[in-house]
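Undergrad: This is the structure I have questions about; it appears just below.
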Amino acid sequence: MNRFKTLAIIVVIILAGWTGAWVFVSTKIQQMAQAQFAALKDQPQNIDCENLDISGFPFRFDVTCTNLAVHDLDRTISIPQVKLTVLVYRPTHALLFARGPATIQDSFSGARKELRWSSLQASLRTNGWALARFSLQARDLTFLDTLVGDTEIASAGLFEAHLLEEESAYDKQTRRTTIAALARLDGLNVPDADISGANMTMEARLQQMPDDLRLWRPATIAANWNETGTGLELVDLKGADTTSSFSLAGKLTTTPQHMLSGNFDLFSNNISDRLDGIVSPAIRQIAFGSKSDDGQNYQSYSLVHGVVLAGNIPITSLPPLR
């Protein structure tokens with residue numbers, strides 16, 4: 001047998017082995033996804049996929065779900081297509097692409113809304129099962145009420161959000177870390193509220209988070225926060241348009257019963273005044289507080305065993321983290 005034939009046989013064996021491995025892994029992915037859908041089928045919150053297809057041979061796994069539906073009691077969110085792409089030689093980095101519009105239906109009230117975008121993509125990079133970075137970006141967003149015609153509720157030019165590990169905060173002994181959260185919203189328009197060209201940014205820190213994404217369950221996180229007296233630190237959430245602005249900052253943790261507890265400070269300029277004639281003075285006073293001599297409103301918000309208070313007035317309650 002000459003060298004050419006030997007090389008040809010080796011190439012065929014490698015290709016056959018690679019093909020077999022790719023088919024085996026793709027079959028396993030499909031079986032795992034379908035098993036997860038089946039396990040959630042009878043739950044109040046579940047996910048359904050009309051058609052799941054895996055392609056991308058030989059160097060990618062493109063997992064495409066056509067007509068994805070997320071059910072939460074009476075509410076259903078439907079997305080025409082979601083595609084997850086993972087490179088064979090980089091399995092810890094996944095890319096997600098979604099084709100809109102997303103339809104939101106409420107079978108109880110009959111409400112129907114729609115979220116449109118020109119592009120929506122996300123990126124997830126991990127170190128094993130530990131989060132390294134997650135990023136989401138959506139452009140040309142439009143939120144509509146489509147029950148009778150198309151009525152614009154809000155629109156924005158850009159939304160992006162990022163989660164990334166603060167490596168210096170990692171604790172090897174407890175295997176917990178701190179996750180920094182950043183987000184921005186540009187060009188926000190809300191016709192009914194007379195908001196045009198507003199921008200918003202958020203910076204926050206999630207402390208004592210498990211270094212294993214599979215343990216990112218509300219009950220686990222709540223227990224960690226209560227044990228260490230840490231939690232969510234909202235460094236700053238602020239927004240502004242040409243005439244108004246606000247800033248919100250504070251911290252929250254959890255009680256032994258996994259109820260939220262914390263304090264926040266809200267500063268605003270010319271938001272309460274813009275709602276004059278739309279919202280009653282009493283409600284505006286509760287929401288935005290009193291105005292100081294410089295024209296800025298201030299209100300303190302607190303959570304006491306899951307009860308949200310504006311100043312000293314309870315306004316709503318939140319369930320425990322389970």
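Here's how to read the names in the structure tokens: chain A, B, ... by the order shown, residue numbers from 1 in each chain, ligand numbers from 1 in the order shown.
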What lies within 10 Å of Val23 in chain A using only C-alpha atoms, ignoring chain neighbours under 3 positions off, as a PyMOL selection string?
TA: chain A and resi 17-20+26-29+54-55+57-58
Undergrad: Taking C-alpha atoms for each residue, export the selection above as a compact mmCIF listing (two decimals), in the first residue's frame.
TA:
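Final file, part.txt:
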```txt
# COMPACT_ATOMS: atom_id res chain seq x y z
CA GLY A 17 -14.97 9.43 13.70
CA TRP A 18 -15.58 13.21 13.69
CA THR A 19 -18.94 12.73 11.96
CA GLY A 20 -19.97 10.04 14.41
CA SER A 26 -26.14 16.60 18.59
CA THR A 27 -28.48 13.70 19.38
CA LYS A 28 -27.69 14.02 23.08
CA ILE A 29 -28.37 17.77 22.99
CA ILE A 54 -29.60 20.96 15.26
CA SER A 55 -27.23 21.82 12.41
CA PHE A 57 -21.73 20.31 11.01
CA PRO A 58 -18.74 20.02 11.18
```
Undergrad: Write out as a list of chain:residue names each polymer residue whose atoms come within 8 Å of Cys65 in chain A, counting only C-alpha atoms; drop sequence neighbours fewer than 6 positions from it.
TA: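 Surrounding residues, per the criterion: A:Cys49, A:Glu50, A:Asn51, A:Leu52, A:Asp53, A:Gln81, A:Val82, A:Lys83.
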Undergrad: If we count only C-alpha atoms and set the cut-off at 12 Å, which residues sit around Leu309 in chain A, ignoring sequence neighbours fewer than 5 positions away in its own chain? Please answer as a list in words.
TA: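 Contacts, in chain order: Ser261, Gly262, Asn263, Phe264, Asp265, Ile286, Ala287, Gln299, Ser300, Tyr301, Ser302, Leu303, Val304, Pro314, Ile315, Thr316, Ser317 and Leu318 of chain A.
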Undergrad: With C-alpha atoms kept, could you save the residues just selected as a PDB file, in the first residue's frame?
TA:
```pdb
ATOM      1  CA  SER A 261     -35.396  43.624  53.161  1.00  0.00           C
ATOM      2  CA  GLY A 262     -33.561  46.862  52.335  1.00  0.00           C
ATOM      3  CA  ASN A 263     -33.547  50.607  51.763  1.00  0.00           C
ATOM      4  CA  PHE A 264     -33.418  52.833  48.678  1.00  0.00           C
ATOM      5  CA  ASP A 265     -33.235  56.580  48.047  1.00  0.00           C
ATOM      6  CA  ILE A 286     -46.299  59.097  48.048  1.00  0.00           C
ATOM      7  CA  ALA A 287     -44.265  58.127  44.977  1.00  0.00           C
ATOM      8  CA  GLN A 299     -38.450  59.860  48.739  1.00  0.00           C
ATOM      9  CA  SER A 300     -37.088  56.955  50.771  1.00  0.00           C
ATOM     10  CA  TYR A 301     -38.188  53.436  49.882  1.00  0.00           C
ATOM     11  CA  SER A 302     -37.772  50.423  52.126  1.00  0.00           C
ATOM     12  CA  LEU A 303     -38.584  46.737  52.151  1.00  0.00           C
ATOM     13  CA  VAL A 304     -39.549  45.255  55.506  1.00  0.00           C
ATOM     14  CA  PRO A 314     -46.966  50.444  52.545  1.00  0.00           C
ATOM     15  CA  ILE A 315     -47.706  50.255  48.817  1.00  0.00           C
ATOM     16  CA  THR A 316     -47.245  46.600  47.868  1.00  0.00           C
ATOM     17  CA  SER A 317     -45.709  43.300  49.000  1.00  0.00           C
ATOM     18  CA  LEU A 318     -43.298  40.880  47.352  1.00  0.00           C
TER      19      LEU A 318
END
```
Undergrad: At a cut-off of 6 Å, can you tabulate as CSV every residue of range 132-197 of chain A near range 112-118 of chain A together with its closest atom pair and the distance in Å to one decimal, using only C-alpha atoms and ordering rows by chain then number?
TA:
```
residue,atom,partner,partner_atom,distance
A:Arg139,CA,A:Ser118,CA,5.7
A:Asp140,CA,A:Trp117,CA,5.2
A:Leu141,CA,A:Trp117,CA,4.5
A:Thr142,CA,A:Arg116,CA,5.1
A:Phe143,CA,A:Leu115,CA,4.6
A:Leu144,CA,A:Glu114,CA,5.1
A:Asp145,CA,A:Lys113,CA,4.5
A:Thr146,CA,A:Lys113,CA,5.3
A:Leu147,CA,A:Arg112,CA,5.1
```
Undergrad: Deliver the residues from the most recent selection as a file, using N, CA and C atoms, as a JSON list (two decimals), in the first residue's frame.
TA:
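File produced: again-v8.json:
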```json
[["chain", "number", "residue", "atom", "x", "y", "z"],
["A", 139, "ARG", "N", -31.55, 46.15, 19.34],
["A", 139, "ARG", "CA", -31.63, 47.44, 18.65],
["A", 139, "ARG", "C", -33.02, 47.67, 18.06],
["A", 140, "ASP", "N", -33.37, 48.95, 18.02],
["A", 140, "ASP", "CA", -34.63, 49.39, 17.39],
["A", 140, "ASP", "C", -35.83, 48.65, 17.99],
["A", 141, "LEU", "N", -36.00, 48.82, 19.28],
["A", 141, "LEU", "CA", -37.09, 48.16, 20.01],
["A", 141, "LEU", "C", -38.37, 48.98, 19.91],
["A", 142, "THR", "N", -39.49, 48.27, 19.72],
["A", 142, "THR", "CA", -40.80, 48.91, 19.74],
["A", 142, "THR", "C", -41.77, 48.00, 20.47],
["A", 143, "PHE", "N", -42.43, 48.55, 21.49],
["A", 143, "PHE", "CA", -43.39, 47.80, 22.29],
["A", 143, "PHE", "C", -44.78, 48.32, 21.96],
["A", 144, "LEU", "N", -45.67, 47.41, 21.51],
["A", 144, "LEU", "CA", -46.98, 47.79, 20.98],
["A", 144, "LEU", "C", -48.11, 47.08, 21.70],
["A", 145, "ASP", "N", -49.24, 47.76, 21.79],
["A", 145, "ASP", "CA", -50.50, 47.12, 22.16],
["A", 145, "ASP", "C", -51.20, 46.78, 20.86],
["A", 146, "THR", "N", -51.40, 45.48, 20.60],
["A", 146, "THR", "CA", -51.95, 45.04, 19.32],
["A", 146, "THR", "C", -53.35, 44.46, 19.45],
["A", 147, "LEU", "N", -54.04, 44.73, 20.57],
["A", 147, "LEU", "CA", -55.38, 44.19, 20.74],
["A", 147, "LEU", "C", -56.33, 44.76, 19.69]]
```
Undergrad: Write out as a ChimeraX atom specification all residues of range 159-258 of chain A that backbone DSSP assigns to strand (DSSP E or B).
TA: /A:159-171,176-190,195-210,232-240,245-254
Undergrad: Nearest to Pro191 in chain A among A:Gln285, A:Ser107, A:Ser290, A:Ser155, with distances taken over only C-alpha atoms: which residue is it?
TA: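 Comparing A:Gln285, A:Ser107, A:Ser290, A:Ser155 against Pro191 in chain A, the winner is A:Ser155.
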Undergrad: Counting only C-alpha atoms, figure out which residue out of A:Trp216, A:Phe97, A:Phe37, A:Trp225 gets nearest to Leu136 in chain A.
TA: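 Nearest candidate to Leu136 in chain A out of A:Trp216, A:Phe97, A:Phe37, A:Trp225: A:Phe97.
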Undergrad: Got a sec: who's within 6 Å of Leu188 in chain A, counting only C-alpha atoms, leaving out chain neighbours fewer than 3 positions off, as a list in words?
TA: Ser155, Ala156, Gly197 and Ala198 of chain A
Undergrad: Range 264-299 of chain A: which residues are helix (DSSP H, G or I) by DSSP, as JSON, numbers by chain?
TA: {"A": [271, 272, 273, 274, 281, 282, 283, 284, 285, 286, 287, 288]}
Undergrad: My list of candidates is A:Thr178, A:Thr254, A:Thr220, A:Thr228. Which is closest to Arg322 in chain A when distances are computed with only C-alpha atoms?
TA: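 Going through A:Thr178, A:Thr254, A:Thr220, A:Thr228 one by one, the smallest distance to Arg322 in chain A is for A:Thr220.
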Undergrad: Compile the contact shell of Asn127 in chain A as a ChimeraX atom specification: residues with an atom at most 9 Å away, counting only C-alpha atoms, same-chain residues fewer than 4 positions apart removed.
TA: /A:92,131-132
Undergrad: Save the residues we just selected, C-alpha atoms, as a PDB file, in the first residue's frame?
TA:
```pdb
ATOM      1  CA  THR A  92     -17.721  27.468  26.923  1.00  0.00           C
ATOM      2  CA  LEU A 131     -20.104  32.681  34.761  1.00  0.00           C
ATOM      3  CA  ALA A 132     -17.366  34.742  33.138  1.00  0.00           C
TER       4      ALA A 132
END
```
Undergrad: Between CA of Thr243 in chain A and CA of Ser272 in chain A, what is the distance in Å, rounded to a tenth?
TA: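 Taking CA of Thr243 in chain A as the start and CA of Ser272 in chain A as the end point, the length is 11.9 Å.
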Undergrad: Mind checking which residues fall within 8 Å of Glu166 in chain A, counting only C-alpha atoms, ignoring those fewer than 5 positions away in the same chain, and posting them as a ChimeraX atom specification?
TA: /A:177-180
Undergrad: As an exercise, work out the distance from CA of Arg75 in chain A to CA of Gln121 in chain A in Å and give it to one decimal place.
TA: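 CA of Gln121 in chain A lies 23.8 Å from CA of Arg75 in chain A.
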Undergrad: Name all residues at most 8 Å from Asp212 in chain A (count only C-alpha atoms; drop same-chain ones fewer than 2 positions away) and give them as a PyMOL selection string.
TA: chain A and resi 129-131+210+214-216
